[in-house]
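Report on the following structure.
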Amino acid sequence: MRVAVCSAQSYDCLFFTAANHGVGHELVFFDSHLCHETRQMVGDFPAVCVFVNDTLDATVLETLAAHGTRLIALRCAGFNNVDIREASRLGLHVVRVPAYSPHSVAEHSVGLILVLNRHLHQAYNRVRNGNFALQGLLGFELRGKTVGIVGTGRIGLAITQILRGFGCRLIAHDPQESHECISLGVEYVPLEKLYAESDIITLHCPLNPQTYRLIDRAAISQMKRGVMLINTSRGAVIDTQAAIEGLKSGKIGSLGLDVYEQEGDLFFQDLSDQVIQDDVFGRLLTFPNVLITGHQGFFTAEALSSIAQTTLQNITVFERDGICQNEVKVDLLRAD
């Protein structure tokens with residue numbers, strides 16, 4: 001198929017070109033996001049490949065359908081940036097990569113935990129400036145601490161396996177309990193109990209109406225004072241203003257983010273020569289106990305290779321059969 005690959009970075013071109021050897025799709029790379037202003041650029045492409053910060057609302061989808069697009073191939077697991085109901089109404093098929101390398105995101109989450117706990121980001125800058133004092137760098141052992149895992153799908157299972165090795169007590173919340181997690185000693189509890197007992201809370205749930213701003217003022221008020229909060233799922237799972245209030249009051253002792261609710265205007269581009277206009281994001285950057293990475297949890301060679309292979313396989317299967325097992329349908333909206 002002739003495929004428009006939107007929001008394409010150099011590494012996307014590299015891994016998709018390599019995965020396409022022997023497959024034979026015609027890949028045309030665009031570095032621009034797909035949105036209202038750019039929707040005409042992919043006209044006449046039967047397939048469009050998009051990423052997390054591309055916008056596929058009703059207006060964009062109508063344009064795609066009118067120009068003959070039949071397939072939207074997400075090179076990610078999440079699909080909250082696509083109006084699935086409108087796509088279905090227009091006869092557009094949406095496929096995704098349900099699992100690429102859950103260990104990549106899980107390991108990044110643990111990296112955020114370790115850096116925040118032992119203040120490695122601050123220690124790094126101190127030593128470079130010749131400051132070897134230890135005041136303010138006190139951490140704690142993970143052994144024996146209670147970690148609350150919200151969402152125990154593939155990534156949640158992977159982080160369970162890692163944290164079990166640290167000797168943590170693991171509690172979790174998910175509408176669908178994982179027998180594999182239970183076999184590793186995970187105790188499933190209501191959210192209220194998870195908030196109240198966790199020293200560290202790490203989020204690995206999809207973004208849907210049930211999880212939108214799941215972590216709000218009410219949730220934070222139920223947490224332990226000084227709790228560490230980690231989010232590598234989707235930015236809008238956390239109410240950012242509520243998190244800032246929690247940081248100011250000391251309720252949240254540290255915050256690690258690989259995602260941000262308004263990241264579409266920031267992430268995956270170099271803005272180092274510009275003034276960032278997002279005042280909420282700017283406020284987050286003022287806290288010494290906040291660590292933000294630019295949605296790089298997936299960014300490993302293994303994950304990028306898997307994403308490219310699965311995405312192209314989805315396109316091949318759809319071209320051949322007209323259906324794909326990784327298609328996102330309306331009935332999946334509540335289940336996922």
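Following the order of the structure tokens, chains are lettered A, B, ..., residues in each are numbered from 1, and ligands are numbered from 1.
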
DSSP helix (DSSP H, G or I) selection over segment 119-335 of chain A, as an MDAnalysis selection string: chainID A and resid 120:128 154:165 179:183 191:197 217:221 235:237 240:249 263:265 279:284 301:321 332:335

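With only C-alpha atoms taken into account, the protein and nucleic acid residues at most 12 Å from Ser88 of chain A (excluding it and anything under 5 positions from it in its own chain) are Ala58, Leu61, Glu62, Ala65, Arg70, Leu71, Ile72, Val82, Asp83, His93, Val94, Val95, Glu327, Val328, Lys329, Val330 and Asp331 of chain A.
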
Gln9 of chain A environment, 12 Å, only C-alpha atoms, sequence neighbours closer than 4 positions dropped, as a list in words: Val5, Cys13, Leu14, Phe15, Phe16, Phe29, Phe30, Asp31, Ser32, His33, Val50, Phe51, Phe267, Phe268, Gln269, Asp270 and Leu304 of chain A

Kindly export the residues of the current selection with N, CA and C atoms, as a compact mmCIF listing (two decimals), in the first residue's frame.
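Result saved to result_1.txt:
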```
# COMPACT_ATOMS: atom_id res chain seq x y z
N VAL A 5 3.36 8.39 6.34
CA VAL A 5 3.83 8.24 7.72
C VAL A 5 3.99 9.63 8.32
N CYS A 13 12.02 6.87 10.31
CA CYS A 13 12.43 6.57 8.94
C CYS A 13 13.39 5.38 8.92
N LEU A 14 14.34 5.37 9.85
CA LEU A 14 15.34 4.31 9.90
C LEU A 14 14.71 2.95 10.16
N PHE A 15 13.90 2.84 11.22
CA PHE A 15 13.34 1.55 11.60
C PHE A 15 12.24 1.08 10.64
N PHE A 16 11.44 2.01 10.14
CA PHE A 16 10.38 1.61 9.21
C PHE A 16 10.95 1.20 7.85
N PHE A 29 7.33 9.69 4.07
CA PHE A 29 7.48 10.23 5.41
C PHE A 29 7.22 11.74 5.44
N PHE A 30 6.42 12.16 6.42
CA PHE A 30 6.14 13.58 6.67
C PHE A 30 6.56 13.89 8.10
N ASP A 31 7.34 14.94 8.30
CA ASP A 31 7.74 15.27 9.67
C ASP A 31 6.67 16.07 10.41
N SER A 32 5.66 16.54 9.71
CA SER A 32 4.60 17.33 10.34
C SER A 32 3.59 16.43 11.04
N HIS A 33 3.00 16.97 12.13
CA HIS A 33 1.88 16.28 12.77
C HIS A 33 0.68 16.30 11.82
N VAL A 50 0.09 6.99 11.90
CA VAL A 50 0.14 8.13 12.81
C VAL A 50 0.67 7.70 14.18
N PHE A 51 1.02 8.74 14.98
CA PHE A 51 1.58 8.52 16.31
C PHE A 51 0.71 9.23 17.35
N PHE A 267 6.38 17.92 23.05
CA PHE A 267 7.25 16.75 22.93
C PHE A 267 7.58 16.41 21.48
N PHE A 268 8.69 15.70 21.30
CA PHE A 268 9.21 15.21 20.02
C PHE A 268 9.71 16.34 19.11
N GLN A 269 10.10 17.46 19.69
CA GLN A 269 10.69 18.54 18.91
C GLN A 269 11.65 19.34 19.77
N ASP A 270 12.58 20.02 19.14
CA ASP A 270 13.58 20.81 19.84
C ASP A 270 13.08 22.25 19.98
N LEU A 304 11.27 0.03 19.03
CA LEU A 304 11.09 0.67 17.73
C LEU A 304 11.05 -0.37 16.61
```

A:Ile162, A:Tyr260, A:His173, A:His21 ranked by distance to Gly111 of chain A, top pick (using only C-alpha atoms): A:Ile162

Give me, as a tab-separated table, each residue of segment 136-198 of chain A that comes within 7 Å of segment 222-237 of chain A, together with its shortest interatomic pair and the distance in Å at one decimal, counting only C-alpha atoms, with rows ordered by chain and rising residue number.
```
residue	atom	partner	partner_atom	distance
A:Glu192	CA	A:Gln222	CA	7.0
A:Tyr195	CA	A:Met223	CA	4.6
A:Ala196	CA	A:Met223	CA	4.8
A:Glu197	CA	A:Lys224	CA	6.8
A:Ser198	CA	A:Lys224	CA	6.9
```
